[in-house]
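Contents: one structure, followed by commentary.
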Amino acid sequence: MKKILVLSAIMFLTASAAFAQRGKKKTNPPSALKIKIMNSDRLPEGVYVKDNKIYAKKGYRFEKGEDNKAILKKATAGNSVLGKFWCYCLFEGGCVVLITTNFIHCNPNGETPPCEACELGVLIGEPTKKPKKNMPGK
């Protein structure tokens, strides 16, 4: 009789533990920052990558731009834009660029399902040509 009770208790605890594990979300460790540079083969002057973040070198700074973009400028020289940075999700979900004066990085924005792989888009400099008004889709 005791054996049946002990065996029943063990089976109950095993089933309870297995059922509790089903509800837990798996979290993946952060992967290396993926960077896609749109108009060059390297990052703009004044930045470097470390610990999945892009840091501004001494004499440069990041500012918040329009449409959740970060812009890179020299800290002392006018308003010349050296680069624009934004984040997007490679799969489902969304990403945002987190901006400080010293560094930026991509982060899932809390959508469901959460993004598993954010990518950082980079545009070097400020585009000088404006699109024609008569272009289709513009």
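For the structure tokens, the naming scheme is as follows: chains receive sequential letters (A, B, ...) according to their order of presentation, residues are indexed from 1 within each chain, and ligands are indexed from 1 in presentation order.
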Counting only C-alpha atoms, which residues of region 54-74 of chain A sit at most 12 Å from some atom of region 106-120 of chain A, and what is each one's closest atom pair with its distance in Å to one decimal, listed by chain and rising residue number, as a tab-separated table?
residue	atom	partner	partner_atom	distance
A:Ile54	CA	A:Cys106	CA	9.5
A:Asn68	CA	A:Cys106	CA	11.1
A:Lys69	CA	A:Leu120	CA	10.3
A:Ala70	CA	A:Leu120	CA	10.6
May I have the selected residues written with C-alpha atoms, as a PDB file, in the first residue's frame?
ATOM      1  CA  ILE A  54      27.523  51.285 -31.809  1.00  0.00           C
ATOM      2  CA  ASN A  68      12.801  56.737 -34.562  1.00  0.00           C
ATOM      3  CA  LYS A  69      16.176  57.192 -36.262  1.00  0.00           C
ATOM      4  CA  ALA A  70      19.467  58.138 -34.630  1.00  0.00           C
TER       5      ALA A  70
END
Next on the checklist: Excluding region 32-37 of chain A and its own-chain neighbours fewer than 5 positions away, which residues fall within 12 Å of it when counting only C-alpha atoms? Please give them as number ranges by chain.
Outcome noted: A: 42-44, 48-54, 83-90, 104-107, 116-125
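With CA of Gly94 (chain A) on one side and CA of Asp67 (chain A) on the other, the separation reads 13.9 Å.
Pairwise distance (CA of Gly93 (chain A), CA of Asn39 (chain A)) equals 25.8 Å.
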Near Asn79 (chain A), counting only C-alpha atoms, which residues have an atom at most 12 Å away, once you skip same-chain residues fewer than 4 positions from it, shown as a list in words? Tyr60, Arg61, Phe62, Glu63, Ile71, Leu72, Lys73, Lys74, Ala75, Gly83, Gly125 and Glu126 of chain A
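Coordinates place CA of Glu45 (chain A) at a distance of 17.8 Å from CA of Thr100 (chain A).
If only C-alpha atoms are the atoms counted, then among A:Gly65, A:Met38, A:Ala77, A:Leu82 the closest residue to Leu98 (chain A) is A:Gly65.
The residues of region 51-80 of chain A that DSSP classifies as strand (DSSP E or B), using the backbone of this structure, are Lys53, Ile54, Tyr55, Ala56, Tyr60, Arg61, Phe62, Glu63, Lys64, Ala70, Ile71, Leu72, Lys73 and Lys74 of chain A.
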Those same residues, written as an mmCIF file, in the first residue's frame with C-alpha atoms?
data_model
loop_
_atom_site.group_PDB
_atom_site.id
_atom_site.type_symbol
_atom_site.label_atom_id
_atom_site.label_comp_id
_atom_site.auth_asym_id
_atom_site.auth_seq_id
_atom_site.Cartn_x
_atom_site.Cartn_y
_atom_site.Cartn_z
ATOM 1 C CA LYS A 53 26.219 48.557 -29.535
ATOM 2 C CA ILE A 54 27.523 51.285 -31.809
ATOM 3 C CA TYR A 55 29.565 53.830 -29.868
ATOM 4 C CA ALA A 56 30.408 57.388 -30.857
ATOM 5 C CA TYR A 60 31.113 62.747 -32.080
ATOM 6 C CA ARG A 61 27.583 62.381 -30.705
ATOM 7 C CA PHE A 62 24.269 60.698 -31.448
ATOM 8 C CA GLU A 63 20.997 62.620 -31.538
ATOM 9 C CA LYS A 64 17.413 61.515 -31.912
ATOM 10 C CA ALA A 70 19.467 58.138 -34.630
ATOM 11 C CA ILE A 71 21.762 60.607 -36.374
ATOM 12 C CA LEU A 72 25.522 60.961 -35.944
ATOM 13 C CA LYS A 73 27.117 64.411 -35.847
ATOM 14 C CA LYS A 74 30.447 65.884 -34.885
#
